[in-house]
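**Student:** Structure supplied as query20.csv; contents: CSV, C-alpha atoms.
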```csv
chain,number,residue,atom,x,y,z
V,1,MET,CA,11.1,0.0,17.9
V,2,ALA,CA,12.5,-1.1,14.7
V,3,LYS,CA,11.5,-4.6,15.4
V,4,SER,CA,8.3,-4.5,13.3
V,5,ILE,CA,10.2,-4.4,10.0
V,6,LYS,CA,12.3,-7.1,8.4
V,7,LEU,CA,14.1,-5.7,5.5
V,8,ARG,CA,16.3,-7.3,2.9
V,9,ALA,CA,17.8,-5.5,0.0
V,10,LYS,CA,20.1,-7.0,-2.5
V,11,ALA,CA,21.9,-5.4,-5.4
V,12,LYS,CA,22.6,-7.2,-8.6
V,13,ASP,CA,23.8,-5.6,-11.8
V,14,GLY,CA,22.9,-2.1,-10.5
V,15,VAL,CA,19.3,-3.2,-9.7
V,16,ALA,CA,18.3,-3.5,-6.1
V,17,THR,CA,15.6,-5.8,-5.1
V,18,VAL,CA,14.0,-4.9,-1.8
V,19,LYS,CA,11.8,-7.2,0.3
V,20,ALA,CA,10.2,-6.0,3.4
V,21,LEU,CA,8.0,-7.8,5.9
V,22,ILE,CA,6.2,-5.7,8.5
V,23,SER,CA,4.5,-7.1,11.5
V,24,HIS,CA,1.3,-5.3,11.9
V,25,PRO,CA,-2.3,-6.5,12.7
V,26,MET,CA,-3.9,-4.6,9.8
V,27,GLU,CA,-7.4,-4.5,11.3
V,28,THR,CA,-10.0,-3.3,8.9
V,29,GLY,CA,-12.4,-2.1,11.6
V,30,LEU,CA,-15.1,-4.4,10.1
V,31,ARG,CA,-14.3,-7.5,12.1
V,32,LYS,CA,-16.1,-8.2,15.3
V,33,ASP,CA,-14.7,-9.7,18.5
V,34,LYS,CA,-16.3,-13.2,18.6
V,35,LYS,CA,-16.7,-13.1,22.4
V,36,SER,CA,-18.1,-9.7,23.1
V,37,GLY,CA,-19.6,-8.9,19.7
V,38,LYS,CA,-18.0,-5.5,19.7
V,39,PRO,CA,-16.3,-4.3,16.5
V,40,ILE,CA,-12.5,-4.4,16.6
V,41,PRO,CA,-11.2,-0.9,15.9
V,42,ALA,CA,-9.4,-0.3,12.6
V,43,GLU,CA,-5.7,-0.3,12.8
V,44,PHE,CA,-3.8,-0.4,9.5
V,45,ILE,CA,-0.7,1.1,7.9
V,46,GLN,CA,-1.5,4.1,5.7
V,47,GLU,CA,1.9,5.1,4.4
V,48,VAL,CA,5.1,3.3,3.6
V,49,VAL,CA,8.1,5.3,2.4
V,50,CYS,CA,11.3,3.8,1.2
V,51,GLU,CA,14.5,5.9,0.8
V,52,SER,CA,17.8,5.0,-0.5
V,53,GLY,CA,20.8,7.4,-0.4
V,54,GLY,CA,18.6,10.2,0.7
V,55,LYS,CA,16.2,9.9,-2.2
V,56,THR,CA,12.6,8.6,-2.0
V,57,VAL,CA,12.4,5.5,-4.0
V,58,LEU,CA,8.9,4.5,-3.3
V,59,SER,CA,6.0,6.0,-1.4
V,60,ALA,CA,3.0,3.8,-0.9
V,61,GLN,CA,-0.4,4.5,0.4
V,62,TRP,CA,-2.2,1.5,1.8
V,63,GLY,CA,-5.8,0.8,2.7
V,64,SER,CA,-7.1,-1.7,5.1
V,65,ALA,CA,-7.3,-4.4,2.4
V,66,ILE,CA,-3.6,-5.1,2.6
V,67,SER,CA,-3.0,-8.4,4.4
V,68,LYS,CA,-2.0,-8.8,8.0
V,69,ASN,CA,1.7,-8.7,8.5
V,70,PRO,CA,2.2,-7.0,5.1
V,71,PHE,CA,4.8,-8.0,2.6
V,72,LEU,CA,6.1,-5.6,0.0
V,73,SER,CA,8.7,-6.1,-2.7
V,74,PHE,CA,10.0,-3.8,-5.3
V,75,LYS,CA,13.0,-3.0,-7.4
V,76,PHE,CA,15.0,0.1,-8.3
V,77,SER,CA,18.0,0.8,-10.4
V,78,GLY,CA,21.2,2.8,-9.8
V,79,ALA,CA,21.9,1.0,-6.6
V,80,LYS,CA,25.0,-0.6,-5.4
V,81,SER,CA,26.1,-2.8,-2.5
V,82,GLY,CA,26.6,-0.8,0.6
V,83,ASP,CA,24.1,2.0,-0.2
V,84,SER,CA,21.9,3.0,2.7
V,85,ILE,CA,18.2,2.1,2.6
V,86,LYS,CA,15.5,3.1,5.0
V,87,ILE,CA,11.8,2.1,5.2
V,88,SER,CA,9.3,3.7,7.4
V,89,TRP,CA,5.6,3.3,8.0
V,90,VAL,CA,2.8,5.2,9.6
V,91,ASP,CA,-0.6,3.8,10.6
V,92,ASN,CA,-4.0,5.3,11.1
V,93,LYS,CA,-3.4,5.6,14.8
V,94,GLY,CA,-0.3,7.6,14.3
V,95,ASN,CA,2.0,4.8,15.3
V,96,SER,CA,5.1,4.5,13.2
V,97,ASP,CA,8.3,2.6,12.8
V,98,SER,CA,11.4,2.7,10.6
V,99,ILE,CA,14.4,0.7,9.9
V,100,ASP,CA,17.8,1.6,8.5
V,101,SER,CA,19.8,-0.9,6.6
V,102,LYS,CA,22.3,-1.3,3.9
V,103,ILE,CA,22.0,-2.9,0.5
V,104,LYS,CA,23.8,-6.2,0.3
I,1,MET,CA,-20.5,26.4,16.0
I,2,ASN,CA,-19.7,23.5,18.3
I,3,HIS,CA,-19.2,21.2,15.4
I,4,ASN,CA,-16.7,23.6,13.7
I,5,ARG,CA,-14.7,23.8,16.9
I,6,ARG,CA,-14.5,20.0,16.9
I,7,THR,CA,-13.3,19.9,13.3
I,8,LEU,CA,-10.7,22.5,14.0
I,9,LEU,CA,-9.4,20.6,17.0
I,10,LYS,CA,-9.2,17.4,15.1
I,11,GLY,CA,-7.4,19.2,12.3
I,12,SER,CA,-4.8,20.8,14.5
I,13,LEU,CA,-4.2,17.5,16.4
I,14,ALA,CA,-3.6,15.7,13.1
I,15,ALA,CA,-1.2,18.4,12.0
I,16,GLY,CA,0.6,18.2,15.3
I,17,ALA,CA,1.1,14.5,14.9
I,18,VAL,CA,2.5,14.9,11.4
I,19,GLY,CA,4.7,17.8,12.5
I,20,ALA,CA,6.1,15.6,15.2
I,21,ALA,CA,6.9,12.8,12.8
I,22,VAL,CA,8.7,15.3,10.5
I,23,SER,CA,10.8,16.7,13.3
I,24,ALA,CA,11.7,13.1,14.3
I,25,GLY,CA,13.0,12.6,10.8
I,26,LEU,CA,10.6,9.8,10.2
I,27,LEU,CA,9.0,11.3,7.1
I,28,THR,CA,10.4,13.2,4.2
I,29,PRO,CA,8.5,16.5,3.5
I,30,LYS,CA,7.5,15.1,0.1
I,31,ALA,CA,5.8,12.1,1.7
I,32,VAL,CA,3.9,14.4,4.1
I,33,MET,CA,2.6,16.4,1.2
I,34,ALA,CA,1.1,13.3,-0.4
I,35,ALA,CA,-1.5,13.0,2.3
I,36,TRP,CA,-3.3,9.7,2.6
I,37,ALA,CA,-6.1,9.7,0.1
I,38,LYS,CA,-9.0,9.1,2.5
I,39,ASP,CA,-11.7,9.6,-0.1
I,40,ALA,CA,-10.2,7.1,-2.5
I,41,PHE,CA,-9.7,4.5,0.2
I,42,GLU,CA,-13.2,4.9,1.5
I,43,ALA,CA,-14.9,4.9,-1.9
I,44,LYS,CA,-17.2,2.0,-2.4
I,45,GLU,CA,-17.2,2.0,-6.2
I,46,VAL,CA,-14.3,1.1,-8.4
I,47,ASP,CA,-14.6,4.2,-10.5
I,48,ALA,CA,-14.7,6.5,-7.5
I,49,ALA,CA,-11.7,4.8,-6.0
I,50,MET,CA,-9.7,5.1,-9.2
I,51,THR,CA,-10.6,8.7,-9.6
I,52,GLY,CA,-9.5,9.4,-6.1
I,53,ALA,CA,-6.2,7.5,-6.4
I,54,MET,CA,-5.2,8.2,-9.9
I,55,GLY,CA,-7.1,11.3,-10.9
I,56,SER,CA,-9.4,9.6,-13.4
I,57,ALA,CA,-11.5,6.4,-13.9
I,58,ASP,CA,-10.8,6.3,-17.6
I,59,ALA,CA,-8.1,3.7,-18.2
I,60,THR,CA,-7.1,2.0,-21.4
I,61,ALA,CA,-6.8,-1.8,-21.2
I,62,SER,CA,-3.2,-2.8,-21.9
I,63,ASP,CA,-1.5,-6.1,-22.1
I,64,LYS,CA,1.8,-4.5,-21.3
I,65,ILE,CA,0.9,-4.7,-17.6
I,66,LYS,CA,1.5,-8.1,-16.1
I,67,LEU,CA,-0.7,-8.9,-13.2
I,68,LYS,CA,0.3,-12.1,-11.4
I,69,ALA,CA,-2.3,-13.5,-9.0
I,70,PRO,CA,-3.5,-17.0,-8.2
I,71,ASP,CA,-6.5,-18.3,-10.2
I,72,ILE,CA,-7.9,-19.7,-7.0
I,73,ALA,CA,-7.1,-18.2,-3.6
I,74,GLU,CA,-7.9,-20.6,-0.9
I,75,ASN,CA,-7.5,-18.0,1.8
I,76,GLY,CA,-8.9,-14.6,0.9
I,77,ALA,CA,-7.0,-13.0,3.8
I,78,VAL,CA,-3.7,-13.4,2.0
I,79,VAL,CA,-3.7,-13.1,-1.8
I,80,PRO,CA,-0.3,-12.5,-3.3
I,81,ILE,CA,-0.4,-10.0,-6.1
I,82,THR,CA,2.5,-8.9,-8.3
I,83,VAL,CA,2.2,-6.1,-10.8
I,84,THR,CA,4.8,-5.5,-13.5
I,85,SER,CA,4.4,-2.7,-16.0
I,86,ASN,CA,6.3,-2.7,-19.3
I,87,ILE,CA,5.0,0.7,-20.2
I,88,ASP,CA,7.7,3.3,-20.4
I,89,GLY,CA,7.5,6.2,-17.9
I,90,THR,CA,5.3,4.5,-15.4
I,91,THR,CA,5.1,6.8,-12.5
I,92,SER,CA,2.4,5.3,-10.2
I,93,MET,CA,0.4,2.2,-9.7
I,94,SER,CA,-2.7,1.1,-7.8
I,95,ILE,CA,-4.1,-2.2,-7.0
I,96,LEU,CA,-7.9,-2.6,-6.7
I,97,VAL,CA,-10.1,-5.5,-5.8
I,98,ALA,CA,-13.4,-4.8,-7.6
I,99,LYS,CA,-15.8,-6.5,-5.1
I,100,ASN,CA,-14.2,-5.5,-1.9
I,101,ASN,CA,-16.2,-3.2,0.4
I,102,THR,CA,-13.7,-0.5,-0.5
I,103,PRO,CA,-12.0,-1.5,-3.8
I,104,LEU,CA,-8.7,0.4,-3.4
I,105,THR,CA,-6.2,-1.7,-1.6
I,106,SER,CA,-3.0,0.4,-2.2
I,107,SER,CA,-1.3,2.9,-4.4
I,108,TYR,CA,2.3,3.4,-5.1
I,109,GLU,CA,4.3,6.4,-6.2
I,110,LEU,CA,7.5,5.4,-7.9
I,111,GLY,CA,10.7,7.3,-7.7
I,112,PRO,CA,12.7,8.1,-10.9
I,113,ASN,CA,14.8,5.0,-10.7
I,114,THR,CA,12.2,2.7,-9.4
I,115,GLU,CA,11.2,-0.1,-11.7
I,116,ALA,CA,7.5,-0.6,-12.3
I,117,TYR,CA,7.4,-3.7,-10.2
I,118,ILE,CA,5.4,-4.2,-7.0
I,119,SER,CA,4.7,-7.4,-5.1
I,120,THR,CA,2.4,-7.5,-2.1
I,121,ARG,CA,-0.4,-9.4,-0.4
I,122,VAL,CA,-4.0,-8.2,-0.3
I,123,LYS,CA,-7.3,-9.3,1.3
I,124,MET,CA,-10.2,-10.3,-0.8
I,125,GLY,CA,-13.8,-10.6,0.6
I,126,LYS,CA,-15.0,-12.9,-2.2
I,127,THR,CA,-14.4,-14.0,-5.8
I,128,SER,CA,-13.6,-10.8,-7.8
I,129,ASP,CA,-11.6,-9.1,-10.4
I,130,VAL,CA,-8.3,-7.8,-9.3
I,131,ILE,CA,-7.4,-4.6,-11.2
I,132,ALA,CA,-4.0,-3.1,-11.7
I,133,VAL,CA,-4.0,0.5,-12.8
I,134,VAL,CA,-0.8,2.2,-14.0
I,135,LYS,CA,-0.1,5.8,-14.7
I,136,ALA,CA,2.4,6.5,-17.5
I,137,GLY,CA,3.0,9.8,-19.2
I,138,GLY,CA,-0.2,11.2,-17.6
I,139,LYS,CA,-2.4,8.4,-19.1
I,140,LEU,CA,-3.9,5.5,-17.3
I,141,TYR,CA,-3.7,1.9,-18.3
I,142,SER,CA,-5.2,-1.1,-16.6
I,143,THR,CA,-5.4,-4.8,-16.6
I,144,LYS,CA,-7.5,-7.2,-14.6
I,145,LYS,CA,-7.7,-10.8,-13.6
I,146,GLU,CA,-10.3,-12.8,-11.8
I,147,VAL,CA,-9.3,-14.5,-8.6
I,148,LYS,CA,-11.6,-17.1,-7.1
I,149,VAL,CA,-11.8,-17.0,-3.4
I,150,THR,CA,-12.9,-20.0,-1.3
I,151,ILE,CA,-12.7,-18.4,2.2
I,152,GLY,CA,-13.2,-14.6,2.4
I,153,GLY,CA,-10.7,-12.5,4.1
I,154,CYS,CA,-12.7,-9.4,5.0
I,155,GLY,CA,-14.7,-9.2,8.2
I,156,GLY,CA,-16.2,-12.5,9.3
```
Go ahead and express the file in the form of structure tokens.
**Tutor:**
Amino acid sequence: MAKSIKLRAKAKDGVATVKALISHPMETGLRKDKKSGKPIPAEFIQEVVCESGGKTVLSAQWGSAISKNPFLSFKFSGAKSGDSIKISWVDNKGNSDSIDSKIK
Amino acid sequence: MNHNRRTLLKGSLAAGAVGAAVSAGLLTPKAVMAAWAKDAFEAKEVDAAMTGAMGSADATASDKIKLKAPDIAENGAVVPITVTSNIDGTTSMSILVAKNNTPLTSSYELGPNTEAYISTRVKMGKTSDVIAVVKAGGKLYSTKKEVKVTIGGCGG
């Protein structure tokens, strides 16, 4: 189910710029359903890990205050076109997803 | 007695889930060790959240950290934040929103080759300072910027 992540990584002068868009509701658990008045249970991504060439480039811990359908961008050096890149996330319900791609 | 049993059950269940993720090759062992900092993310005070995420609440203000955020955010549910640190040896970064229910939004552990640059989008309940905390050489540095929010993005 690698459909939740859109990943784009581009290398220029040895520096890769990674942009990732994850589709996820990111519910805080504080919101209430307008019709029933019941709180909507929390559902948010807790960990995001990015690896390139077998090394962890970035590991992020997220709270519920990250926006719905989170966007994340970062850069790392020592990258070249064609290198493998992988991003995975895990949410508070234990759901997870990952995507494998190559740096352009 | 009963309570203990419950906690034990919960604990083993959680461990089981993580174990399954590892065997599926979804997580690197290193990432598993850095367990989600529950205390930090649930802390209601900026100081407590910082201590939980970065080990201390004692940060030196630095103008070497660039925090890019809008002056006025029309929609508090989506506030783009970009943090760039020009401090050598930056190893981790955190982004906090001072007046959110739980100030800590996210923290990032950078790899050896990763540049101190993070761009993401956060939720803001109301007008507040956004604080970027950076760890470099075991010391903490921070910078902040006020963002005015017209429509809050937390709860509702």
**Student:** Record the distance separating CA of Ala61 in chain I and CA of Phe41 in chain I, expressed in Å with one decimal.
**Tutor:** 22.5 Å
**Student:** Can you find the residues with an atom no farther than 9 Å from (-6.8, -5.1, -3.7), counting only C-alpha atoms, and report them as a count of residues only?
**Tutor:** 23
**Student:** Which residues are near Asp63 in chain I? Cut-off 10 Å, all atoms listed in the file, ignore same chain within fewer than 6 positions. Put them as a PDB file with C-alpha atoms, keeping the file's coordinate frame.
**Tutor:**
```pdb
ATOM      1  CA  SER I  85       4.400  -2.700 -16.000  1.00  0.00           C
ATOM      2  CA  ASN I  86       6.300  -2.700 -19.300  1.00  0.00           C
ATOM      3  CA  ILE I  87       5.000   0.700 -20.200  1.00  0.00           C
ATOM      4  CA  TYR I 141      -3.700   1.900 -18.300  1.00  0.00           C
ATOM      5  CA  SER I 142      -5.200  -1.100 -16.600  1.00  0.00           C
ATOM      6  CA  THR I 143      -5.400  -4.800 -16.600  1.00  0.00           C
ATOM      7  CA  LYS I 144      -7.500  -7.200 -14.600  1.00  0.00           C
TER       8      LYS I 144
END
```
**Student:** Do you know which residues are at most 8 Å from Thr90 in chain I counting only C-alpha atoms, after dropping those on the same chain fewer than 5 positions away, and could you put them as a compact mmCIF listing (two decimals) with C-alpha atoms, keeping the file's coordinate frame?
**Tutor:**
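Below is the file result_31.txt, written as the result:
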```txt
# COMPACT_ATOMS: atom_id res chain seq x y z
CA SER I 85 4.40 -2.70 -16.00
CA LEU I 110 7.50 5.40 -7.90
CA ALA I 116 7.50 -0.60 -12.30
CA VAL I 134 -0.80 2.20 -14.00
CA LYS I 135 -0.10 5.80 -14.70
CA ALA I 136 2.40 6.50 -17.50
CA GLY I 137 3.00 9.80 -19.20
```
**Student:** Would you please work out which residue, of V:Gln46, V:Thr56, V:Ser81, V:Ser67, is nearest to Leu21 in chain V when using all atoms listed in the file?
**Tutor:**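 Checking each candidate against Leu21 in chain V, we get V:Ser67 as the closest.
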**Student:** Might you pull out every residue within 7 Å of Val49 in chain V, with only C-alpha atoms counted and same-chain residues fewer than 6 positions away left off, and present them as an MDAnalysis selection string?
**Tutor:** chainID V and resid 58:60 87:89
**Student:** For the point (17.5, -1.7, 9.4) in the file's frame, write as a list in words all residues with an atom no more than 7 Å away, counting all atoms listed in the file.
**Tutor:**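 Protein, DNA and RNA residues close to (17.5, -1.7, 9.4): Leu7, Lys86, Ile99, Asp100 and Ser101 of chain V.
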**Student:** Go through V:Asp97, V:Glu43, V:Asp13, V:Asp91 one by one, measure the shortest atom-to-atom distance of each to Met26 in chain V using all atoms listed in the file, and give the residue with the smallest value.
**Tutor:**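 Result for the nearest residue to Met26 in chain V: V:Glu43.
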